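Visitor: Here it is: the structure, laid out below.
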Amino acid sequence: MRYLVKYYLILILAISNQAAAQHRNVLFIAVDDLKPLIGAYGDGYAITPNIDRLAAMGTTFTNAHCQQAVCAPSRASLLTGLRPDLTEVWDLQTQIRKKIPNILTMPQYLKENGYTTVGMGKIFDSRSVDRRHDAQSWSIPYQHVNVVDKKHGNNLFGFQAPENKKKLKEIRKQAKDIGVPPEKMWGYVTKRYKPSTEMLDASDEAYFDGALTVKAIEQLKELSKKPAPFFLAVGFHKPHLPFVAPKKYWDLYKRENLPLADYQQWAKGTVKLSYHDLGEMRSYTDIPESIDENGVLEESKQRELVHGYYACVSYIDAQIGKMLDELEAKGLRENTTIILWGDHGWHLGDHGLWCKHSNFEQATRSPLIIADSRMKAGSENSSPVEFVDIFPTLLDLLNLPEPDHLQGESLIKILGGKAKSVKEYAVSQYPRGKIMGYTLRDDRYRFVAWYKGGRQTSNVLLKELYDYKKDPDEMVNIVADRPDLATTYQKKLEAFLIEQRKQKKEFRKSQNTTDERNSPTQVKRSKELGVNLMSNPGFENGKTAWSDNGECTISVVKDNAKSGKSSLMLTGTRCSSYQIVKGLQPETQYRVSAFIKTENGEAGLLAIAAYGGELIRKRYLGSSYGEVTADFTTGPDNTSVRIGLAKYFKGAIGSTWFDDVSLKQVGISAKEIEGPPIKEILKSKYRNEVYVGATIAHKQLDTDAEYILTSQFNYTVAENAGKQARVHPSPGQWNWREIDEVLGMAQKSDLMVRLHGPISPQASQWAKNDSRTADELLQNMTEFMTEQCKRYNGHPQVRWMDVVNETVTPAGEWFEPKPGVKQWENPWTIIGADKDKNKTPLYISKAFEIANEHAPEISLVFNQHGGMQPGMWDKVKETILYLRKKGLRVDGLGWQAHLRSDKPLANDPEQLKYLSELIDWAHANNLDFHVTEIDYKIMGEMNEEAQRRHAEAYSNIMKVLLAKASSGLVTFNTWGIMDRPGKHTDKWRFLFTNEGKAKPAFYALKNVLFDTLPLD
């Protein structure tokens, strides 16, 4: 693999090659959940004449594999040319650019090399990109498709059959009547009614994919009129569930003749880890009743689903045929490269599985057909290839230079008949919680290894080996029979993983995730003061984040730079390059500046618009760089601005250069903190298994504390704003304002949040009143916990929640009430106790019952105070296991690490060993481990030695955590940010002084993070 070169070099190389590629168009067809049930792939039942026609035009790859068998990770990998371990998109929630802001996508690269890129349907998975389907990738805004059929009207949740729409409308009306908000309507309705199939005598356009085809053909007609080459990406939704298609496609097949999976059992020699529980399939409301006691779908339902899948494949085949016909009608066929791919395979009952989500053949193997009139036609290739190969292959076909960071291999030699293969095996992967399974697939065997923790042989939990020559249905895992062969493949896999770690390290460097300790970073009195809010301000990443408009030539060049190595050059006239910056503050003053250099006396222009005021223009004319600046103030409802760099000089033919564009909030100067922020270190070295945060009080919003938090950390906790004493202190009283404002700050700053609103001794005086009855306390607790869970379940920043807190005393007894209302006490035990051997207080079970029911998307934490007292922790462990025995979900164990100089826990090897063993127990029981509230009080004289011990204490706890990061998730949260007056915030306990100056402990933490080896 060749690593990423400076992007400007690629652009310059592209200019010289663009003439050869400028008339070569691309039709890029994605089909969701498509397995090779296609005539061209040898399926004797499938009726797919149009895909077969496409296969006859090009090369059919019969051993092609995705990199992870689920939509978002597979598509993110294919469209960036990077494997999931580099994109770090392993799930359906992670956004690609949240992980790697400057990542280069396939359509983005083509757009920046002269192509008109247009996308519609499902190309990226919408959950992994912004609302504009990765706006940087498309020349024109993403094309949205509405279904408005003349006979049947709008579809409803994807359905058109009158009986289905009637039921869905009834449920939707119920939801509206009870106040379900629009953003939760889909989930509410489809949880109650969502059939897995639908057959209706309707036109193709009555469903989404037919309407999409109409839109695609309209685009083909428009694009064919323009001189620029086009990249048209069309993403079909079917055959994804539900299997809905016009009746004529169902009628192509006789249900009783279609095959069911021959082998519907687990492979011999495997365990549950290799399989899943049909979660996606079970979400369709007609499925659970069709599953027998062995977890197998009854035969009649299997036949219905198989019939539906074939019908949907034929429906999509017909749509593809319409596009091929339009290409030929417009005379575009010869100069258009066509690529057809399915994002992964699909289980149709084999091994008892349905859908994808595995490392088996039926999940990873998917169709790939590439047709180019200059290459061989009607060819079939059975060598292993991967979806990461598509990006470099397309660039070869278009005669464009390849960015050096791509992980795939070009298939052009296979397409041209000059090679039969380009690699030994394809690599896929699939996670099961904190376990990752990797699989190698060559021309005969599949090897799978499931790792827990680091990617070394010692961490392999299970190995699988299948011989497709003897066992095409994967009926027997032959690892035990062929240990020599398994060892050979294990060595190949580990060599691959070692090389991939090197690639990831180089790629991160190329993405400016530097590990340099001494590069300064600024902490502001406002998050934006002194910080340049422009993306790619010096054009070192080409035209990333910039959009072009107009008629002249716009390019990034390596000469004439003001600083760095690149500048933007506009040659000719009547054109501009612009960037829209979001997230500004309303009614706030900002300053824009740019350096401009011109020739031929032709002025360059800086333009500021769409901020809530009048258009601002600043001109510059000079043969050497000069700075142009302008101030503006956002309007009361405006949070964005458009910054343009333009050339509109009449008759101009010369060039104008722009560099070092900046947008900064005007205000007070900043304080300096040495080195990169902690959050950048975490992003660079650790892969979402370590979070470091700080607790913030509501009154610290819009102060130095907030600015330190948002610039340095990746996680936060609201100090007391979410507790029962603040939110629901007594019946009828509610106050969500403070916690909502803290969460608003976290969302704006992209901080993960742990809700600290547990059922705990931090109760209101009403709850601690000695006259309270069990029923009164139970009602208040239930109201509070239920509303908290409902309110924040699904919140984009809320990842964890403390459910209970401080339940056990250091002596191992239940923490109970005390007289009066002013003492630290726990009134909730008055509610009663269970009948287990420990007489566990009922409030603990009740709190977890509520959280399990109403917060299914939040990780639930059992939080505990104290030191390393074995009796206390034994009671906590027993309680967690007891809750789980009752069927309740507990996801994490928390420790409130309130340290003191006169109780040297953090400097005591024996107590640190106990902490290490406690984390081991948590991870062994599939619990995350959270240091939820760490601070360190200096109880005596505050001198240099005390500061050293203070720093050492913080560092030692972090070292223990990081040593366990490979076995499970760990988090580290300080109980405050800056020192301030008060008995809970004094004694020099935090990482920053009350003036905002970083203490030695802060730098000690950063050094630990730097010096600890990154996760494998």
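FYI, nothing fancy with the structure tokens labels: chains A, B, ... in order, residues from 1 per chain, ligands from 1 as they appear.
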Excluding Asp775 in chain A and any residue of its chain fewer than 6 positions from it, enumerate the residues within 10 Å of it, using only C-alpha atoms, and give them as a ChimeraX atom specification.
Guide: /A:781,830-832
Visitor: Quick one: residues within 12 Å of range 166-181 of chain A, only C-alpha atoms, excluding same-chain residues fewer than 6 positions away - as an NGL selection string?
Guide: :A and (155-160 or 187-195 or 790-791)
Visitor: Those selected residues, please, written with all heavy atoms and delivered as a short mmCIF file (atom, residue, chain, number, x, y, z; two decimals), in the first residue's frame.
Guide:
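Now in result_27.cif:
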data_model
loop_
_atom_site.label_atom_id
_atom_site.label_comp_id
_atom_site.auth_asym_id
_atom_site.auth_seq_id
_atom_site.Cartn_x
_atom_site.Cartn_y
_atom_site.Cartn_z
N ASN A 155 -47.07 6.65 -0.73
CA ASN A 155 -46.91 5.46 0.10
C ASN A 155 -46.83 5.88 1.56
O ASN A 155 -46.59 7.05 1.89
CB ASN A 155 -45.68 4.65 -0.32
CG ASN A 155 -44.38 5.37 -0.05
OD1 ASN A 155 -44.34 6.52 0.36
ND2 ASN A 155 -43.28 4.68 -0.31
N LEU A 156 -47.05 4.95 2.46
CA LEU A 156 -47.04 5.24 3.89
C LEU A 156 -46.08 4.27 4.56
O LEU A 156 -46.32 3.06 4.57
CB LEU A 156 -48.45 5.11 4.48
CG LEU A 156 -48.64 5.57 5.92
CD1 LEU A 156 -48.28 7.05 6.07
CD2 LEU A 156 -50.08 5.34 6.38
N PHE A 157 -44.98 4.81 5.06
CA PHE A 157 -43.94 3.99 5.68
C PHE A 157 -43.48 2.89 4.72
O PHE A 157 -43.11 1.80 5.13
CB PHE A 157 -44.44 3.37 6.99
CG PHE A 157 -44.81 4.38 8.03
CD1 PHE A 157 -46.15 4.66 8.29
CD2 PHE A 157 -43.86 5.08 8.74
CE1 PHE A 157 -46.52 5.60 9.23
CE2 PHE A 157 -44.21 6.02 9.70
CZ PHE A 157 -45.54 6.29 9.94
N GLY A 158 -43.50 3.19 3.40
CA GLY A 158 -43.04 2.26 2.38
C GLY A 158 -44.11 1.33 1.84
O GLY A 158 -43.86 0.58 0.90
N PHE A 159 -45.33 1.38 2.40
CA PHE A 159 -46.39 0.47 1.99
C PHE A 159 -47.42 1.21 1.13
O PHE A 159 -47.65 2.41 1.28
CB PHE A 159 -47.08 -0.13 3.22
CG PHE A 159 -46.16 -0.97 4.07
CD1 PHE A 159 -45.52 -0.44 5.19
CD2 PHE A 159 -45.90 -2.29 3.73
CE1 PHE A 159 -44.68 -1.21 5.96
CE2 PHE A 159 -45.04 -3.07 4.51
CZ PHE A 159 -44.43 -2.53 5.62
N GLN A 160 -48.09 0.44 0.24
CA GLN A 160 -49.12 0.99 -0.62
C GLN A 160 -50.45 0.25 -0.53
O GLN A 160 -51.48 0.81 -0.87
CB GLN A 160 -48.66 0.98 -2.09
CG GLN A 160 -47.75 2.14 -2.48
CD GLN A 160 -48.48 3.46 -2.59
OE1 GLN A 160 -49.52 3.67 -1.97
NE2 GLN A 160 -47.92 4.38 -3.35
N GLY A 187 -40.84 5.21 14.62
CA GLY A 187 -40.59 4.14 15.58
C GLY A 187 -41.87 3.70 16.28
O GLY A 187 -42.10 2.50 16.49
N TYR A 188 -42.71 4.66 16.64
CA TYR A 188 -43.96 4.32 17.35
C TYR A 188 -44.87 3.47 16.46
O TYR A 188 -45.40 2.44 16.89
CB TYR A 188 -44.68 5.60 17.76
CG TYR A 188 -45.96 5.36 18.54
CD1 TYR A 188 -45.95 5.28 19.93
CD2 TYR A 188 -47.18 5.19 17.87
CE1 TYR A 188 -47.12 5.04 20.64
CE2 TYR A 188 -48.35 4.95 18.58
CZ TYR A 188 -48.32 4.88 19.96
OH TYR A 188 -49.47 4.63 20.66
N VAL A 189 -45.06 3.91 15.23
CA VAL A 189 -46.01 3.23 14.34
C VAL A 189 -45.50 1.86 13.94
O VAL A 189 -46.21 0.85 14.05
CB VAL A 189 -46.29 4.09 13.09
CG1 VAL A 189 -47.16 3.31 12.10
CG2 VAL A 189 -46.99 5.38 13.50
N THR A 190 -44.26 1.78 13.47
CA THR A 190 -43.76 0.51 12.94
C THR A 190 -43.49 -0.52 14.02
O THR A 190 -43.42 -1.72 13.73
CB THR A 190 -42.48 0.74 12.11
OG1 THR A 190 -41.50 1.41 12.91
CG2 THR A 190 -42.78 1.59 10.88
N LYS A 191 -43.35 -0.09 15.25
CA LYS A 191 -43.22 -1.05 16.35
C LYS A 191 -44.52 -1.80 16.54
O LYS A 191 -44.54 -2.95 17.00
CB LYS A 191 -42.81 -0.32 17.63
CG LYS A 191 -42.58 -1.25 18.81
CD LYS A 191 -42.13 -0.48 20.05
CE LYS A 191 -41.89 -1.40 21.23
NZ LYS A 191 -41.46 -0.65 22.44
N ARG A 192 -45.62 -1.17 16.18
CA ARG A 192 -46.94 -1.76 16.38
C ARG A 192 -47.49 -2.46 15.14
O ARG A 192 -48.33 -3.34 15.25
CB ARG A 192 -47.91 -0.67 16.85
CG ARG A 192 -47.61 -0.25 18.28
CD ARG A 192 -48.08 1.15 18.62
NE ARG A 192 -47.79 1.45 20.02
CZ ARG A 192 -46.59 1.83 20.46
NH1 ARG A 192 -45.59 1.95 19.61
NH2 ARG A 192 -46.39 2.06 21.75
N TYR A 193 -47.02 -2.04 13.96
CA TYR A 193 -47.47 -2.71 12.74
C TYR A 193 -46.44 -2.50 11.64
O TYR A 193 -46.22 -1.37 11.19
CB TYR A 193 -48.83 -2.20 12.29
CG TYR A 193 -49.39 -2.97 11.10
CD1 TYR A 193 -49.86 -4.27 11.26
CD2 TYR A 193 -49.41 -2.40 9.83
CE1 TYR A 193 -50.34 -4.99 10.18
CE2 TYR A 193 -49.90 -3.11 8.74
CZ TYR A 193 -50.36 -4.40 8.92
OH TYR A 193 -50.84 -5.12 7.85
N LYS A 194 -45.82 -3.59 11.20
CA LYS A 194 -44.84 -3.52 10.12
C LYS A 194 -44.74 -4.91 9.49
O LYS A 194 -43.92 -5.72 9.90
CB LYS A 194 -43.48 -3.04 10.63
CG LYS A 194 -42.45 -2.83 9.52
CD LYS A 194 -41.16 -2.19 10.02
CE LYS A 194 -40.40 -3.05 10.99
NZ LYS A 194 -39.02 -2.55 11.24
N PRO A 195 -45.57 -5.20 8.51
CA PRO A 195 -45.51 -6.52 7.88
C PRO A 195 -44.23 -6.68 7.06
O PRO A 195 -43.66 -5.72 6.56
CB PRO A 195 -46.75 -6.54 6.98
CG PRO A 195 -47.05 -5.10 6.71
CD PRO A 195 -46.63 -4.35 7.94
N LYS A 790 -37.49 8.57 29.50
CA LYS A 790 -38.25 8.89 28.29
C LYS A 790 -37.70 10.13 27.61
O LYS A 790 -37.63 10.21 26.39
CB LYS A 790 -39.73 9.09 28.62
CG LYS A 790 -40.49 7.83 28.97
CD LYS A 790 -41.95 8.16 29.22
CE LYS A 790 -42.78 6.92 29.47
NZ LYS A 790 -44.20 7.25 29.73
N ARG A 791 -37.33 11.11 28.42
CA ARG A 791 -36.89 12.39 27.88
C ARG A 791 -35.57 12.27 27.12
O ARG A 791 -35.38 12.91 26.09
CB ARG A 791 -36.75 13.40 29.02
CG ARG A 791 -36.53 14.85 28.57
CD ARG A 791 -36.45 15.77 29.78
NE ARG A 791 -36.43 17.17 29.42
CZ ARG A 791 -37.50 17.94 29.25
NH1 ARG A 791 -38.70 17.40 29.43
NH2 ARG A 791 -37.39 19.20 28.92
#
Visitor: Give me, as a PyMOL selection string, all polymer residues having an atom no more than 9 Å from range 713-728 of chain A, counting only C-alpha atoms and skipping those fewer than 6 positions away in the same chain.
Guide: chain A and resi 677-680+682+691-698+734-740+742-743+746+749-760+762-767+780-781+783-785+788+932+971+973-976
Visitor: Considering only C-alpha atoms, return as a ChimeraX atom specification whatever protein or nucleic-acid residues lie within 7 Å of range 603-610 of chain A, sequence-local ones (same chain, fewer than 4 positions apart) excluded.
Guide: /A:596,598,614-621,641-647,649,656
Visitor: Step one, run DSSP on the backbone; step two, keep only residues of range 893-1006 of chain A assigned to helix (DSSP H, G or I); then write them as a ChimeraX atom specification.
Guide: /A:905-907,909-924,944-963,1000-1006
Visitor: Any chance you can output those residues with C-alpha atoms as a PDB file, in the first residue's frame?
Guide:
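out.pdb written:
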ATOM      1  CA  LEU A 905      -5.299   5.109  47.617  1.00  0.00           C
ATOM      2  CA  ALA A 906      -3.913   6.270  44.270  1.00  0.00           C
ATOM      3  CA  ASN A 907      -0.330   5.950  45.523  1.00  0.00           C
ATOM      4  CA  PRO A 909       0.228  -0.439  44.976  1.00  0.00           C
ATOM      5  CA  GLU A 910      -2.070  -2.842  46.821  1.00  0.00           C
ATOM      6  CA  GLN A 911      -5.143  -0.660  46.398  1.00  0.00           C
ATOM      7  CA  LEU A 912      -4.274   0.004  42.759  1.00  0.00           C
ATOM      8  CA  LYS A 913      -4.010  -3.767  42.284  1.00  0.00           C
ATOM      9  CA  TYR A 914      -7.483  -4.160  43.774  1.00  0.00           C
ATOM     10  CA  LEU A 915      -8.782  -1.519  41.361  1.00  0.00           C
ATOM     11  CA  SER A 916      -7.201  -3.421  38.474  1.00  0.00           C
ATOM     12  CA  GLU A 917      -8.897  -6.631  39.595  1.00  0.00           C
ATOM     13  CA  LEU A 918     -12.214  -4.808  39.969  1.00  0.00           C
ATOM     14  CA  ILE A 919     -12.010  -3.661  36.335  1.00  0.00           C
ATOM     15  CA  ASP A 920     -11.131  -7.222  35.301  1.00  0.00           C
ATOM     16  CA  TRP A 921     -14.272  -8.454  37.051  1.00  0.00           C
ATOM     17  CA  ALA A 922     -16.361  -5.810  35.304  1.00  0.00           C
ATOM     18  CA  HIS A 923     -15.046  -6.633  31.845  1.00  0.00           C
ATOM     19  CA  ALA A 924     -15.315 -10.374  32.465  1.00  0.00           C
ATOM     20  CA  GLU A 944       5.729  21.442  45.058  1.00  0.00           C
ATOM     21  CA  GLU A 945       5.763  17.946  46.586  1.00  0.00           C
ATOM     22  CA  ALA A 946       1.993  18.084  47.147  1.00  0.00           C
ATOM     23  CA  GLN A 947       1.495  19.064  43.505  1.00  0.00           C
ATOM     24  CA  ARG A 948       3.669  16.167  42.400  1.00  0.00           C
ATOM     25  CA  ARG A 949       1.610  13.722  44.475  1.00  0.00           C
ATOM     26  CA  HIS A 950      -1.551  15.324  43.107  1.00  0.00           C
ATOM     27  CA  ALA A 951      -0.378  14.706  39.524  1.00  0.00           C
ATOM     28  CA  GLU A 952       0.810  11.204  40.381  1.00  0.00           C
ATOM     29  CA  ALA A 953      -2.589  10.278  41.808  1.00  0.00           C
ATOM     30  CA  TYR A 954      -4.456  11.270  38.671  1.00  0.00           C
ATOM     31  CA  SER A 955      -1.845   9.547  36.497  1.00  0.00           C
ATOM     32  CA  ASN A 956      -1.871   6.266  38.411  1.00  0.00           C
ATOM     33  CA  ILE A 957      -5.619   5.855  38.063  1.00  0.00           C
ATOM     34  CA  MET A 958      -5.422   6.622  34.350  1.00  0.00           C
ATOM     35  CA  LYS A 959      -2.611   4.079  33.907  1.00  0.00           C
ATOM     36  CA  VAL A 960      -4.716   1.345  35.484  1.00  0.00           C
ATOM     37  CA  LEU A 961      -7.628   2.226  33.208  1.00  0.00           C
ATOM     38  CA  LEU A 962      -5.579   2.275  30.021  1.00  0.00           C
ATOM     39  CA  ALA A 963      -4.054  -1.096  30.874  1.00  0.00           C
ATOM     40  CA  PRO A1000       0.859  19.711  36.460  1.00  0.00           C
ATOM     41  CA  ALA A1001      -1.778  16.987  36.915  1.00  0.00           C
ATOM     42  CA  PHE A1002      -3.360  17.937  33.581  1.00  0.00           C
ATOM     43  CA  TYR A1003      -0.059  17.594  31.726  1.00  0.00           C
ATOM     44  CA  ALA A1004       0.695  14.380  33.602  1.00  0.00           C
ATOM     45  CA  LEU A1005      -2.564  12.912  32.326  1.00  0.00           C
ATOM     46  CA  LYS A1006      -1.708  13.935  28.774  1.00  0.00           C
TER      47      LYS A1006
END
Visitor: Pick out the residues sitting within 9 Å of range 966-968 of chain A, and hand them over as a PyMOL selection string; count only C-alpha atoms, and ignore anything fewer than 6 positions along from it in its own chain.
Guide: chain A and resi 434+452-454+689+920+922-924+926-929+1015-1016
Visitor: What gap, in Å, lies between CA of Pro259 in chain A and CA of Asp350 in chain A?
Guide: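 Atom-to-atom, CA of Pro259 in chain A to CA of Asp350 in chain A, that is 11.4 Å.
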Visitor: Which residues are close to Ile478 in chain A, i.e. within 12 Å by only C-alpha atoms, leaving aside same-chain residues fewer than 6 positions away? Reply as a list in words.
Guide: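 Close residues of Ile478 in chain A: Ala267, Lys268, Gly269, Thr270, Tyr445, Arg446, Phe447, Val448, Lys463, Glu464, Leu465, Tyr466, Asp467, Tyr468, Lys470, Asp471, Asp484, Leu485 and Ala486 of chain A.
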Visitor: I need the residues from that last selection saved to file as a compact mmCIF listing (two decimals), in the first residue's frame (with all heavy atoms), if you can.
Guide:
# COMPACT_ATOMS: atom_id res chain seq x y z
N ALA A 267 -23.42 -24.69 12.11
CA ALA A 267 -22.35 -25.57 11.62
C ALA A 267 -21.76 -26.34 12.79
O ALA A 267 -21.64 -25.82 13.91
CB ALA A 267 -21.27 -24.73 10.94
N LYS A 268 -21.41 -27.57 12.55
CA LYS A 268 -20.78 -28.37 13.60
C LYS A 268 -19.46 -27.73 14.00
O LYS A 268 -18.68 -27.32 13.15
CB LYS A 268 -20.56 -29.79 13.09
CG LYS A 268 -21.85 -30.54 12.81
CD LYS A 268 -21.57 -31.93 12.26
CE LYS A 268 -22.87 -32.65 11.92
NZ LYS A 268 -22.63 -34.00 11.34
N GLY A 269 -19.23 -27.66 15.30
CA GLY A 269 -17.98 -27.09 15.79
C GLY A 269 -18.03 -25.58 15.96
O GLY A 269 -16.98 -24.94 16.04
N THR A 270 -19.23 -25.00 16.00
CA THR A 270 -19.35 -23.56 16.21
C THR A 270 -20.15 -23.28 17.48
O THR A 270 -20.78 -24.18 18.06
CB THR A 270 -20.05 -22.87 15.02
OG1 THR A 270 -21.35 -23.44 14.83
CG2 THR A 270 -19.24 -23.05 13.75
N TYR A 445 -11.17 -21.64 0.65
CA TYR A 445 -11.45 -21.71 2.08
C TYR A 445 -11.91 -20.36 2.65
O TYR A 445 -11.62 -19.30 2.09
CB TYR A 445 -10.18 -22.15 2.84
CG TYR A 445 -9.72 -23.54 2.53
CD1 TYR A 445 -8.71 -23.76 1.59
CD2 TYR A 445 -10.27 -24.63 3.18
CE1 TYR A 445 -8.25 -25.04 1.30
CE2 TYR A 445 -9.82 -25.93 2.91
CZ TYR A 445 -8.82 -26.13 1.97
OH TYR A 445 -8.38 -27.38 1.69
N ARG A 446 -12.61 -20.46 3.78
CA ARG A 446 -12.90 -19.29 4.62
C ARG A 446 -12.37 -19.58 6.01
O ARG A 446 -12.69 -20.61 6.61
CB ARG A 446 -14.40 -19.02 4.70
CG ARG A 446 -14.73 -17.84 5.65
CD ARG A 446 -16.23 -17.59 5.74
NE ARG A 446 -16.77 -17.16 4.46
CZ ARG A 446 -16.75 -15.91 4.03
NH1 ARG A 446 -16.22 -14.96 4.79
NH2 ARG A 446 -17.26 -15.60 2.86
N PHE A 447 -11.54 -18.64 6.50
CA PHE A 447 -11.02 -18.73 7.86
C PHE A 447 -11.56 -17.56 8.66
O PHE A 447 -11.58 -16.43 8.17
CB PHE A 447 -9.48 -18.69 7.85
CG PHE A 447 -8.87 -18.66 9.24
CD1 PHE A 447 -8.83 -19.80 10.03
CD2 PHE A 447 -8.37 -17.47 9.75
CE1 PHE A 447 -8.28 -19.76 11.30
CE2 PHE A 447 -7.82 -17.42 11.03
CZ PHE A 447 -7.77 -18.57 11.80
N VAL A 448 -12.03 -17.83 9.89
CA VAL A 448 -12.58 -16.80 10.76
C VAL A 448 -11.90 -16.88 12.11
O VAL A 448 -11.72 -17.98 12.66
CB VAL A 448 -14.11 -16.96 10.96
CG1 VAL A 448 -14.68 -15.78 11.73
CG2 VAL A 448 -14.82 -17.14 9.63
N LYS A 463 -12.06 -20.02 16.45
CA LYS A 463 -11.63 -20.06 15.06
C LYS A 463 -12.61 -20.93 14.27
O LYS A 463 -13.16 -21.91 14.78
CB LYS A 463 -10.22 -20.65 14.94
CG LYS A 463 -9.12 -19.84 15.63
CD LYS A 463 -7.77 -20.52 15.48
CE LYS A 463 -6.68 -19.77 16.24
NZ LYS A 463 -5.36 -20.44 16.11
N GLU A 464 -12.79 -20.55 13.00
CA GLU A 464 -13.63 -21.34 12.09
C GLU A 464 -12.88 -21.52 10.78
O GLU A 464 -12.15 -20.63 10.35
CB GLU A 464 -14.95 -20.62 11.83
CG GLU A 464 -15.78 -20.36 13.07
CD GLU A 464 -16.96 -19.44 12.77
OE1 GLU A 464 -17.89 -19.87 12.05
OE2 GLU A 464 -16.95 -18.29 13.23
N LEU A 465 -13.10 -22.65 10.15
CA LEU A 465 -12.48 -22.94 8.86
C LEU A 465 -13.45 -23.78 8.03
O LEU A 465 -13.94 -24.82 8.50
CB LEU A 465 -11.16 -23.70 9.06
CG LEU A 465 -10.35 -24.02 7.80
CD1 LEU A 465 -9.89 -22.75 7.09
CD2 LEU A 465 -9.13 -24.89 8.16
N TYR A 466 -13.74 -23.30 6.82
CA TYR A 466 -14.70 -24.00 5.95
C TYR A 466 -14.05 -24.26 4.59
O TYR A 466 -13.34 -23.41 4.06
CB TYR A 466 -15.97 -23.16 5.78
CG TYR A 466 -16.65 -22.85 7.10
CD1 TYR A 466 -16.47 -21.62 7.71
CD2 TYR A 466 -17.43 -23.81 7.73
CE1 TYR A 466 -17.06 -21.34 8.93
CE2 TYR A 466 -18.03 -23.54 8.96
CZ TYR A 466 -17.84 -22.30 9.55
OH TYR A 466 -18.42 -22.04 10.76
N ASP A 467 -14.34 -25.42 4.06
CA ASP A 467 -13.81 -25.85 2.76
C ASP A 467 -14.98 -25.87 1.77
O ASP A 467 -15.82 -26.79 1.79
CB ASP A 467 -13.20 -27.25 2.89
CG ASP A 467 -12.60 -27.76 1.58
OD1 ASP A 467 -12.79 -27.10 0.53
OD2 ASP A 467 -11.94 -28.81 1.61
N TYR A 468 -15.06 -24.87 0.89
CA TYR A 468 -16.20 -24.76 -0.01
C TYR A 468 -16.18 -25.79 -1.13
O TYR A 468 -17.22 -26.04 -1.75
CB TYR A 468 -16.29 -23.33 -0.57
CG TYR A 468 -16.64 -22.33 0.50
CD1 TYR A 468 -15.69 -21.45 1.01
CD2 TYR A 468 -17.92 -22.28 1.04
CE1 TYR A 468 -16.00 -20.56 2.01
CE2 TYR A 468 -18.24 -21.39 2.03
CZ TYR A 468 -17.28 -20.53 2.53
OH TYR A 468 -17.60 -19.65 3.53
N LYS A 470 -15.58 -28.98 -0.64
CA LYS A 470 -16.22 -30.17 -0.07
C LYS A 470 -17.51 -29.84 0.68
O LYS A 470 -18.36 -30.71 0.86
CB LYS A 470 -15.25 -30.87 0.89
CG LYS A 470 -14.00 -31.42 0.23
CD LYS A 470 -13.11 -32.10 1.27
CE LYS A 470 -11.87 -32.69 0.62
NZ LYS A 470 -10.98 -33.35 1.62
N ASP A 471 -17.65 -28.59 1.10
CA ASP A 471 -18.75 -28.24 2.01
C ASP A 471 -19.28 -26.85 1.66
O ASP A 471 -19.07 -25.88 2.40
CB ASP A 471 -18.24 -28.27 3.46
CG ASP A 471 -19.29 -27.91 4.48
OD1 ASP A 471 -20.49 -28.00 4.16
OD2 ASP A 471 -18.90 -27.52 5.61
N ASP A 484 -3.22 -27.61 11.11
CA ASP A 484 -2.09 -27.05 10.36
C ASP A 484 -2.56 -25.97 9.40
O ASP A 484 -1.94 -24.90 9.28
CB ASP A 484 -1.39 -28.16 9.58
CG ASP A 484 -2.36 -28.95 8.68
OD1 ASP A 484 -3.57 -28.96 8.99
OD2 ASP A 484 -1.90 -29.54 7.69
N LEU A 485 -3.66 -26.23 8.71
CA LEU A 485 -4.20 -25.25 7.77
C LEU A 485 -4.72 -24.03 8.51
O LEU A 485 -4.51 -22.88 8.07
CB LEU A 485 -5.31 -25.87 6.93
CG LEU A 485 -5.87 -25.03 5.79
CD1 LEU A 485 -4.75 -24.66 4.80
CD2 LEU A 485 -6.99 -25.78 5.07
N ALA A 486 -5.38 -24.26 9.65
CA ALA A 486 -5.87 -23.14 10.46
C ALA A 486 -4.72 -22.26 10.94
O ALA A 486 -4.82 -21.02 10.94
CB ALA A 486 -6.67 -23.66 11.66
Visitor: Would you list, as a ChimeraX atom specification, the residues of range 174-292 of chain A that end up in strand (DSSP E or B) under DSSP run on this structure's backbone?
Guide: /A:197-200,230-236,243-246,268,291
Visitor: When distances are computed from only C-alpha atoms, which of A:Gly58, A:Pro84, A:Gly538, A:Gly635 shows the smallest separation from Ala371 in chain A?
Guide: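 The shortest atom-to-atom distance to Ala371 in chain A comes from A:Gly58.
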Visitor: Which is closer to Val427 in chain A than all the others in A:Ile412, A:Ala449, A:Ile934, A:Ile369, using only C-alpha atoms?
Guide: A:Ala449
